[in-house]
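K.L.:
Contents of query_5.cif (mmCIF, C-alpha atoms):
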data_my_file
loop_
_atom_site.label_atom_id
_atom_site.label_comp_id
_atom_site.auth_asym_id
_atom_site.auth_seq_id
_atom_site.Cartn_x
_atom_site.Cartn_y
_atom_site.Cartn_z
CA MET A 203 0.00 0.00 0.00
CA LYS A 204 2.84 2.34 0.88
CA LYS A 205 4.58 1.45 -2.38
CA ILE A 206 1.50 2.39 -4.46
CA THR A 207 1.13 5.70 -2.60
CA TYR A 208 4.78 6.46 -3.16
CA THR A 209 4.41 5.81 -6.91
CA ILE A 210 1.38 8.08 -7.16
CA MET A 211 3.25 10.83 -5.34
CA ILE A 212 6.11 10.57 -7.83
CA MET A 213 3.68 10.82 -10.76
CA ILE A 214 1.99 13.86 -9.21
CA PHE A 215 5.39 15.44 -8.61
CA TYR A 216 6.41 14.73 -12.19
CA PHE A 217 3.34 16.34 -13.76
CA VAL A 218 3.16 19.28 -11.38
CA GLY A 219 6.87 19.76 -11.52
CA CYS A 220 6.75 20.24 -15.29
CA THR A 221 4.71 23.40 -14.85
CA SER A 222 5.99 26.47 -13.07
CA GLU A 223 4.04 28.17 -10.31
CA GLU A 224 3.77 31.18 -12.60
CA LEU A 225 2.07 29.23 -15.38
CA THR A 226 -0.15 27.40 -12.90
CA SER A 227 -1.28 30.74 -11.49
CA ALA A 228 -1.81 32.12 -14.98
CA ARG A 229 -4.03 29.16 -15.86
CA LEU A 230 -6.10 29.80 -12.74
CA TYR A 231 -6.56 33.47 -13.56
CA ILE A 232 -7.53 32.57 -17.14
CA GLN A 233 -10.25 30.28 -15.76
CA GLN A 234 -11.44 33.15 -13.56
CA LYS A 235 -11.29 35.54 -16.56
CA ASN A 236 -9.03 37.83 -14.59
CA TRP A 237 -7.13 38.97 -17.66
CA GLU A 238 -4.93 41.51 -15.93
CA LYS A 239 -3.56 38.95 -13.46
CA ALA A 240 -3.35 36.33 -16.19
CA GLU A 241 -1.12 38.64 -18.22
CA GLU A 242 1.06 39.39 -15.21
CA TYR A 243 1.75 35.71 -14.52
CA LEU A 244 2.08 34.73 -18.15
CA LEU A 245 4.83 37.33 -18.55
CA LYS A 246 6.52 35.87 -15.47
CA ALA A 247 6.07 32.35 -16.84
CA MET A 248 7.68 33.44 -20.11
CA GLU A 249 10.89 34.18 -18.20
CA VAL A 250 10.75 30.93 -16.25
CA GLU A 251 9.66 28.67 -19.12
CA PRO A 252 11.05 30.24 -22.33
CA GLU A 253 10.76 26.93 -24.17
CA ASN A 254 7.13 26.23 -23.31
CA PRO A 255 4.90 27.11 -26.33
CA GLU A 256 1.79 27.13 -24.13
CA VAL A 257 3.00 30.32 -22.45
CA PHE A 258 3.37 32.18 -25.73
CA TYR A 259 0.14 30.81 -27.14
CA SER A 260 -1.75 31.89 -24.00
CA LEU A 261 -0.22 35.36 -24.12
CA GLY A 262 -1.37 35.69 -27.74
CA LYS A 263 -4.89 34.43 -27.10
CA TYR A 264 -5.71 35.78 -23.64
CA THR A 265 -3.69 38.98 -23.52
CA TYR A 266 -2.98 40.53 -26.91
CA ALA A 267 -6.06 39.24 -28.73
CA LYS A 268 -8.21 40.59 -25.88
CA LYS A 269 -6.59 43.98 -26.43
CA LYS A 270 -7.03 43.67 -30.21
CA ASP A 271 -3.26 44.01 -30.47
CA TRP A 272 -3.10 41.76 -33.52
CA GLU A 273 0.55 42.37 -34.24
CA ASN A 274 1.73 41.13 -30.85
CA MET A 275 -0.85 38.35 -30.90
CA ASN A 276 0.72 37.01 -34.07
CA LYS A 277 4.23 37.46 -32.66
CA MET A 278 3.31 35.28 -29.69
CA PHE A 279 1.67 32.69 -31.91
CA ASP A 280 4.71 32.62 -34.21
CA MET A 281 7.02 32.11 -31.24
CA ALA A 282 4.83 29.25 -29.96
CA LEU A 283 4.90 27.60 -33.35
CA GLU A 284 8.63 28.11 -33.68
CA ILE A 285 9.29 26.40 -30.33
CA ASP A 286 7.28 23.30 -31.23
CA SER A 287 4.19 23.44 -33.43
CA ASN A 288 3.40 19.77 -32.77
CA ARG A 289 3.61 19.80 -28.99
CA VAL A 290 0.40 18.77 -27.25
CA ILE A 291 -0.86 21.39 -24.81
CA LEU A 292 -3.95 22.24 -22.74
CA GLN A 293 -6.84 19.88 -23.51
CA GLY A 294 -4.84 17.68 -25.87
CA GLY A 295 -4.49 19.63 -29.11
CA THR A 296 -1.22 20.60 -30.74
CA VAL A 297 0.12 24.13 -30.68
CA LYS A 298 -0.55 24.41 -34.42
CA VAL A 299 -4.20 23.40 -34.03
CA TYR A 300 -4.81 25.83 -31.17
CA VAL A 301 -3.14 28.71 -33.00
CA GLU A 302 -5.16 28.12 -36.15
CA GLN A 303 -8.39 27.89 -34.16
CA ALA A 304 -7.65 31.16 -32.37
CA LEU A 305 -6.72 32.95 -35.58
CA TYR A 306 -9.80 31.70 -37.40
CA GLU A 307 -12.09 32.67 -34.52
CA HIS A 308 -11.00 36.32 -34.53
CA TRP A 309 -10.56 36.53 -38.29
CA ARG A 310 -14.03 35.14 -39.02
CA LYS A 311 -15.73 37.83 -36.94
CA GLU A 312 -13.97 40.71 -38.69
CA TYR A 313 -14.18 39.18 -42.15
CA ASN A 314 -17.92 38.48 -41.88
CA LYS A 315 -18.52 42.06 -40.73
CA GLY A 316 -16.62 43.24 -43.78
CA VAL A 317 -18.71 41.08 -46.10
CA SER A 318 -21.96 42.14 -44.43
CA ASN A 319 -21.19 45.86 -44.77
CA PHE A 320 -20.11 45.48 -48.39
CA GLN A 321 -23.35 43.70 -49.22
CA LYS A 322 -25.29 46.54 -47.61
CA TYR A 323 -23.26 49.01 -49.66
CA GLN A 324 -24.07 47.13 -52.86
CA LYS A 325 -27.79 47.05 -52.11
CA LYS A 326 -28.00 50.80 -51.64
CA LYS A 327 -29.46 52.63 -54.61
CA GLU A 328 -27.63 55.82 -53.70
CA LYS A 329 -23.89 55.20 -53.36
CA SER A 330 -22.93 58.77 -52.40
CA ASP A 331 -23.12 57.81 -48.72
CA ASP A 332 -20.25 55.33 -48.52
CA ASN A 333 -20.47 54.66 -44.77
CA TYR A 334 -20.99 50.93 -45.33
CA LEU A 335 -18.08 50.80 -47.74
CA ASN A 336 -15.73 52.52 -45.29
CA LYS A 337 -16.80 50.12 -42.55
CA SER A 338 -16.18 47.21 -44.86
CA ILE A 339 -12.68 48.49 -45.64
CA THR A 340 -11.89 48.83 -41.92
CA HIS A 341 -13.01 45.27 -41.18
CA PHE A 342 -11.08 43.78 -44.11
CA GLU A 343 -7.96 45.72 -43.12
CA THR A 344 -8.30 44.26 -39.64
CA SER A 345 -8.89 40.76 -40.99
CA ILE A 346 -5.53 41.00 -42.78
CA GLN A 347 -3.83 42.03 -39.53
CA ILE A 348 -5.37 39.03 -37.77
CA TYR A 349 -4.82 36.35 -40.39
CA PRO A 350 -2.48 37.59 -43.16
CA ASP A 351 -2.42 34.21 -44.91
CA LYS A 352 -6.13 34.24 -45.80
CA ILE A 353 -6.27 35.10 -49.50
CA GLU A 354 -9.93 36.18 -49.26
CA ASN A 355 -8.77 39.26 -47.37
CA TYR A 356 -6.88 40.66 -50.33
CA LEU A 357 -9.55 39.89 -52.90
CA ASN A 358 -12.25 41.70 -50.94
CA LEU A 359 -10.17 44.60 -49.66
CA SER A 360 -8.82 45.32 -53.13
CA THR A 361 -12.37 45.40 -54.49
CA CYS A 362 -13.45 47.79 -51.73
CA TYR A 363 -10.55 50.12 -52.42
CA PHE A 364 -11.46 50.11 -56.10
CA GLU A 365 -15.10 50.90 -55.32
CA ASN A 366 -13.87 53.71 -53.09
CA GLY A 367 -11.85 55.22 -55.93
CA ASP A 368 -8.44 54.39 -54.45
CA SER A 369 -6.79 52.68 -57.40
CA GLU A 370 -3.31 52.74 -55.88
CA LYS A 371 -4.34 50.81 -52.77
CA SER A 372 -6.53 48.50 -54.82
CA VAL A 373 -3.63 47.48 -57.05
CA ARG A 374 -1.13 47.23 -54.21
CA THR A 375 -3.44 45.02 -52.16
CA ILE A 376 -4.24 42.55 -54.93
CA LYS A 377 -0.55 42.31 -55.82
CA GLU A 378 0.20 41.47 -52.19
CA GLY A 379 -2.36 38.69 -52.42
CA ALA A 380 -0.83 37.37 -55.64
CA ASP A 381 2.66 37.44 -54.12
CA LEU A 382 1.34 35.58 -51.08
CA SER A 383 -0.40 32.90 -53.16
CA PRO A 384 1.03 32.89 -56.70
CA GLU A 385 -0.65 29.58 -57.58
CA ASN A 386 -4.14 30.74 -56.64
CA PHE A 387 -6.48 31.09 -59.62
CA ASP A 388 -8.89 33.57 -58.03
CA VAL A 389 -6.23 36.03 -56.96
CA ASN A 390 -4.51 35.98 -60.34
CA LEU A 391 -7.81 36.51 -62.13
CA ALA A 392 -8.72 39.37 -59.78
CA ALA A 393 -5.28 40.95 -60.18
CA GLY A 394 -5.63 40.85 -63.94
CA GLN A 395 -9.12 42.37 -63.80
CA ILE A 396 -8.19 45.15 -61.39
CA LEU A 397 -4.99 46.13 -63.20
CA ASN A 398 -6.90 46.10 -66.48
CA LYS A 399 -9.63 48.33 -65.03
CA ASN A 400 -6.89 50.70 -63.90
CA ASN A 401 -5.58 50.82 -67.50
CA ASP A 402 -2.39 48.90 -66.68
CA LYS A 403 -2.94 46.37 -69.43
CA ILE A 404 0.68 45.29 -69.69
CA GLY A 405 0.75 44.76 -65.93
CA ALA A 406 -2.48 42.74 -66.12
CA LEU A 407 -1.16 40.40 -68.80
CA PRO A 408 1.01 38.01 -66.69
CA TYR A 409 -1.76 37.60 -64.11
CA LEU A 410 -4.38 36.66 -66.70
CA GLN A 411 -1.92 34.37 -68.43
CA LYS A 412 -1.27 32.68 -65.09
CA ALA A 413 -5.01 32.41 -64.39
CA VAL A 414 -5.57 30.63 -67.71
CA GLU A 415 -2.58 28.38 -66.99
CA LEU A 416 -4.05 27.46 -63.60
CA ASP A 417 -7.55 26.84 -64.96
CA PRO A 418 -7.55 26.22 -68.73
CA GLN A 419 -11.31 25.54 -68.54
CA SER A 420 -12.23 29.00 -67.25
CA SER A 421 -14.06 30.76 -70.07
CA ILE A 422 -14.03 34.03 -68.11
CA ALA A 423 -10.24 34.05 -67.77
CA ILE A 424 -9.76 33.10 -71.42
CA GLN A 425 -12.15 35.80 -72.62
CA LEU A 426 -10.41 38.45 -70.54
CA LEU A 427 -7.02 37.35 -71.81
CA ALA A 428 -8.20 37.38 -75.43
CA GLN A 429 -9.61 40.89 -75.04
CA LEU A 430 -6.41 42.04 -73.36
CA TYR A 431 -4.31 40.70 -76.23
CA TYR A 432 -6.55 42.64 -78.58
CA ASP A 433 -6.28 45.82 -76.51
CA ILE A 434 -2.47 45.76 -76.49
CA GLY A 435 -2.23 45.04 -80.21
CA GLN A 436 -1.23 41.37 -80.03
CA GLN A 437 -3.83 40.40 -82.60
CA LYS A 438 -2.46 36.97 -83.46
CA GLU A 439 -2.54 35.94 -79.80
CA ALA A 440 -6.01 37.48 -79.47
CA VAL A 441 -7.35 35.43 -82.39
CA GLU A 442 -5.97 32.16 -81.03
CA THR A 443 -7.24 32.86 -77.52
CA TYR A 444 -10.71 33.82 -78.77
CA LYS A 445 -10.86 30.53 -80.68
CA ILE A 446 -10.10 28.66 -77.46
CA ALA A 447 -12.72 30.68 -75.59
CA ILE A 448 -15.34 29.94 -78.25
CA GLU A 449 -14.58 26.23 -78.09
CA LYS A 450 -15.05 26.13 -74.31
CA GLU A 451 -18.09 28.41 -74.05
CA GLU A 452 -21.55 26.80 -73.91
CA ASP A 453 -23.77 29.85 -73.40
CA LYS A 454 -25.08 30.84 -76.84
CA LYS A 455 -25.22 34.56 -76.22
CA ILE A 456 -21.69 34.66 -74.83
CA LYS A 457 -20.50 32.52 -77.72
CA ALA A 458 -22.12 35.00 -80.11
CA ASP A 459 -20.27 37.87 -78.42
CA LEU A 460 -16.98 35.98 -78.69
CA TYR A 461 -17.52 35.34 -82.39
CA PHE A 462 -18.36 39.02 -82.83
CA ASN A 463 -15.12 40.11 -81.15
CA LEU A 464 -13.20 37.65 -83.29
CA GLY A 465 -14.85 39.11 -86.38
CA VAL A 466 -13.81 42.62 -85.33
CA ILE A 467 -10.17 41.54 -85.10
CA PHE A 468 -10.30 39.85 -88.49
CA ASN A 469 -11.79 43.00 -89.98
CA GLN A 470 -9.03 45.11 -88.49
CA ILE A 471 -6.26 42.96 -89.88
CA GLY A 472 -7.96 42.80 -93.28
CA SER A 473 -8.98 39.13 -93.12
CA PHE A 474 -12.46 39.87 -94.42
CA ASP A 475 -13.34 36.33 -95.45
CA GLU A 476 -12.60 35.06 -91.95
CA ALA A 477 -14.41 38.06 -90.48
CA GLU A 478 -17.49 37.17 -92.51
CA VAL A 479 -17.47 33.63 -91.13
CA ALA A 480 -17.05 34.89 -87.55
CA PHE A 481 -19.87 37.42 -87.84
CA ASP A 482 -22.09 34.84 -89.49
CA GLU A 483 -21.51 32.51 -86.52
CA ALA A 484 -22.28 35.37 -84.13
CA TYR A 485 -25.58 35.96 -85.90
CA TYR A 486 -26.32 32.23 -85.90
CA PHE A 487 -26.02 32.06 -82.10
CA ASN A 488 -27.90 35.35 -81.58
CA ASP A 489 -30.18 36.38 -84.44
CA GLN A 490 -30.95 39.67 -82.72
CA ASP A 491 -27.32 40.74 -82.78
CA PHE A 492 -27.53 43.62 -85.25
CA GLU A 493 -23.90 44.48 -84.51
CA ALA A 494 -22.86 41.10 -85.90
CA VAL A 495 -24.92 41.80 -89.03
CA MET A 496 -23.21 45.16 -89.38
CA GLY A 497 -19.89 43.39 -88.87
CA MET A 498 -20.70 41.26 -91.90
CA ALA A 499 -21.64 44.39 -93.82
CA ARG A 500 -18.27 45.96 -93.02
CA SER A 501 -16.49 42.76 -94.05
CA PHE A 502 -18.31 42.77 -97.40
CA GLU A 503 -17.52 46.44 -97.84
CA GLY A 504 -13.87 45.73 -97.11
CA LEU A 505 -13.80 42.99 -99.72
CA GLY A 506 -15.46 45.36 -102.17
CA ASP A 507 -12.78 47.97 -101.47
CA LYS A 508 -10.05 45.38 -102.09
CA TYR A 509 -11.42 44.48 -105.53
CA LYS A 510 -12.14 48.14 -106.33
CA ASP A 511 -8.59 49.25 -105.57
CA GLY A 512 -6.68 46.04 -106.29
CA THR A 513 -4.98 46.01 -102.88
CA ASP A 514 -3.65 43.37 -100.47
CA GLY A 515 -2.68 41.00 -103.27
CA VAL A 516 -6.14 41.06 -104.85
CA GLU A 517 -6.40 41.71 -108.56
CA LYS A 518 -8.59 44.68 -109.39
CA ASP A 519 -12.04 43.50 -110.46
CA LEU A 520 -14.88 46.01 -110.47
CA SER A 521 -17.61 43.43 -111.08
CA LYS A 522 -16.54 41.52 -107.95
CA ALA A 523 -16.34 44.81 -106.06
CA ALA A 524 -19.93 45.61 -107.07
CA ARG A 525 -21.07 42.16 -105.97
CA TRP A 526 -19.55 42.59 -102.50
CA TYR A 527 -21.00 46.08 -102.15
CA LYS A 528 -24.41 44.65 -103.02
CA LYS A 529 -24.04 42.03 -100.28
CA ALA A 530 -23.02 44.79 -97.87
CA GLU A 531 -26.20 46.71 -98.75
CA LYS A 532 -28.34 43.69 -97.93
CA LYS A 533 -26.71 43.22 -94.52
CA ILE A 534 -27.17 46.89 -93.63
CA LYS A 535 -30.86 46.56 -94.48
CA ASP A 536 -31.05 43.42 -92.33
CA ALA A 537 -29.48 45.27 -89.39
CA LYS A 538 -31.86 48.17 -89.95
CA SER A 539 -34.85 45.82 -89.67
CA ILE A 540 -33.58 44.59 -86.28
CA ASP A 541 -32.36 47.85 -84.78
CA LEU A 542 -35.37 50.08 -85.44
CA ASP A 543 -34.17 52.91 -83.22
CA ASN A 544 -31.26 53.89 -85.49
CA GLU A 545 -32.81 54.04 -88.95
CA ASP A 546 -31.15 57.36 -89.84
CA GLU A 547 -27.68 55.98 -89.15
CA TYR A 548 -28.30 52.93 -91.31
CA SER A 549 -29.67 55.14 -94.08
CA LYS A 550 -26.41 57.12 -94.12
CA GLN A 551 -24.36 53.94 -94.34
CA LEU A 552 -26.57 52.65 -97.13
CA GLU A 553 -25.99 55.85 -99.08
CA LEU A 554 -22.23 55.40 -98.80
CA ILE A 555 -22.32 51.77 -99.95
CA GLN A 556 -24.68 52.60 -102.78
CA TYR A 557 -22.36 55.40 -103.87
CA LYS A 558 -19.42 52.97 -104.00
CA ARG A 559 -21.50 50.41 -105.86
CA ASN A 560 -22.73 52.97 -108.41
CA TYR A 561 -19.14 54.17 -108.85
CA VAL A 562 -17.69 50.75 -109.71
CA GLU A 563 -20.67 49.79 -111.85
CA GLY A 564 -20.34 53.06 -113.79
CA LEU A 565 -16.71 52.33 -114.55
CA GLN A 566 -17.38 48.87 -115.93
#
Show this structure as structure tokens.
P.N.:
Amino acid sequence: MKKITYTIMIMIFYFVGCTSEELTSARLYIQQKNWEKAEEYLLKAMEVEPENPEVFYSLGKYTYAKKKDWENMNKMFDMALEIDSNRVILQGGTVKVYVEQALYEHWRKEYNKGVSNFQKYQKKKEKSDDNYLNKSITHFETSIQIYPDKIENYLNLSTCYFENGDSEKSVRTIKEGADLSPENFDVNLAAGQILNKNNDKIGALPYLQKAVELDPQSSIAIQLLAQLYYDIGQQKEAVETYKIAIEKEEDKKIKADLYFNLGVIFNQIGSFDEAEVAFDEAYYFNDQDFEAVMGMARSFEGLGDKYKDGTDGVEKDLSKAARWYKKAEKKIKDAKSIDLDNEDEYSKQLELIQYKRNYVEGLQ
């Protein structure tokens, strides 16, 4: 009996002896929610047990987080993790698990407040009062301080800055997010969009290229990249990227728009035959797309001009020119029958085409 008692006493001594009086007192004050005393004894315990991650974790959670001193909270958490992220503490979890739980708890509250305020801002019909937007910015800024590794912070804060007219902060924030998580599709797509909206098209290019690389099935990313190529004058790349976007897109109206944009590029580079095909496809997928019909008209007019002037390697042939001008006339009339609000504009364009047609027919 004495032997068993002696063994139990050794076990008690072993477990109690592993914890300093300072940390034991700190734990007691934490249970009592006496945060001032808890801080006092945790600071003392830090000197006595500099290799115990529980001390630093507790300082982060029960002292600095309570004060909303997020910088020092994270310093304490980092020190705890550095000592031993896998050590089991408190009720049986590892230091890493406890730190992540604490970070998520505080981050979630601020982040959700940011989202809630931004949604209220979006629902307002009158945006001149940006109180909700400013609140949202404050909460997202705080959420970054609490949990800098959460990529959602940068996506939302950058959007808020942009809505608030602060392009510089918007760009800087989304770039920080991309630097933090370079293999994240969403942040690369957002960076490309935001830089593009801020007229930094060259700066947007690598982000959109990366987004397409990360998700080759994303029609949105491909469309944005194709349009960007077009905007910066890389027409060959634009054509190839639009073809990929068309292949992957299933929505008929969007597909029609993509074909239309492709037709515009072909027209600009003088590939009128290919432009005609693209505009015809656009009209096939959306028979109310009068712009596509006018695109065909411009393609036919361009072909007529080629045969009229004998340019771009085409032998001069006035009869062929007249035939293409006639086809252009028909398409303008088709567009006019769809877009009834702009009859005068179509009438002017018809006059011009008819003049060209009469000219080449009179010379034959």
K.L.:
I would like the residues chosen by the PyMOL selection byres ((chain A and resi 464-473) around 9) on the shown file; could you give them as a ChimeraX atom specification?
P.N.:
/A:432,437,440-441,444-445,459-463,474-482,484,494,497-498,500-501,504-505,514
K.L.:
At a cut-off of 10 Å, using all atoms listed in the file, what residues contact segment 307-317 of chain A? Leave out same-chain residues fewer than 4 positions from it and give the result as a ChimeraX atom specification.
P.N.:
/A:263,267,270,272,301-303,321-323,334-350,352,354-355,358-359,362
K.L.:
Tell me, as a ChimeraX atom specification, which residues lie within 12 Å of Leu427 of chain A, counting all atoms listed in the file; anything in the same chain fewer than 5 positions away does not count.
P.N.:
/A:390-391,394-395,398,403-404,406-415,418,420-422,432-434,436-437,439-447
K.L.:
Using all atoms listed in the file, what residues lie at most 9 Å away from (-3.5, 43.1, -51.6) (file coordinates), given as JSON, numbers by chain?
P.N.:
{"A": [353, 355, 356, 357, 358, 359, 360, 371, 372, 373, 374, 375, 376, 377, 378, 379, 380, 381, 382]}
K.L.:
Just give me the gap between atom CA of Gln556 of chain A and atom CA of Asn544 of chain A in Å, one decimal is fine.
P.N.:
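Separation of atom CA of Gln556 of chain A and atom CA of Asn544 of chain A: 18.5 Å.
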K.L.:
Residues picked by the PyMOL selection byres ((chain A and resi 228-243) around 10) here, as a VMD selection string?
P.N.:
chain A and resid 222 to 227 244 to 249 257 260 to 262 264 to 266 268 292
K.L.:
Go through A:Glu563, A:Ser318, A:Ala499, A:Asn488 one by one, measure the shortest atom-to-atom distance of each to Lys535 of chain A using all atoms listed in the file, and give the residue with the smallest value.
P.N.:
A:Ala499
K.L.:
What is the atom CA of Gly506 of chain A-atom CA of Gln429 of chain A distance in Å, reported with one decimal?
P.N.:
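Separating atom CA of Gly506 of chain A from atom CA of Gln429 of chain A is a distance of 28.1 Å.
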K.L.:
May I ask for the distance between atom CA of Ala458 of chain A and atom CA of Ile540 of chain A, given in Å to one decimal place?
P.N.:
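It comes out at 16.2 Å.
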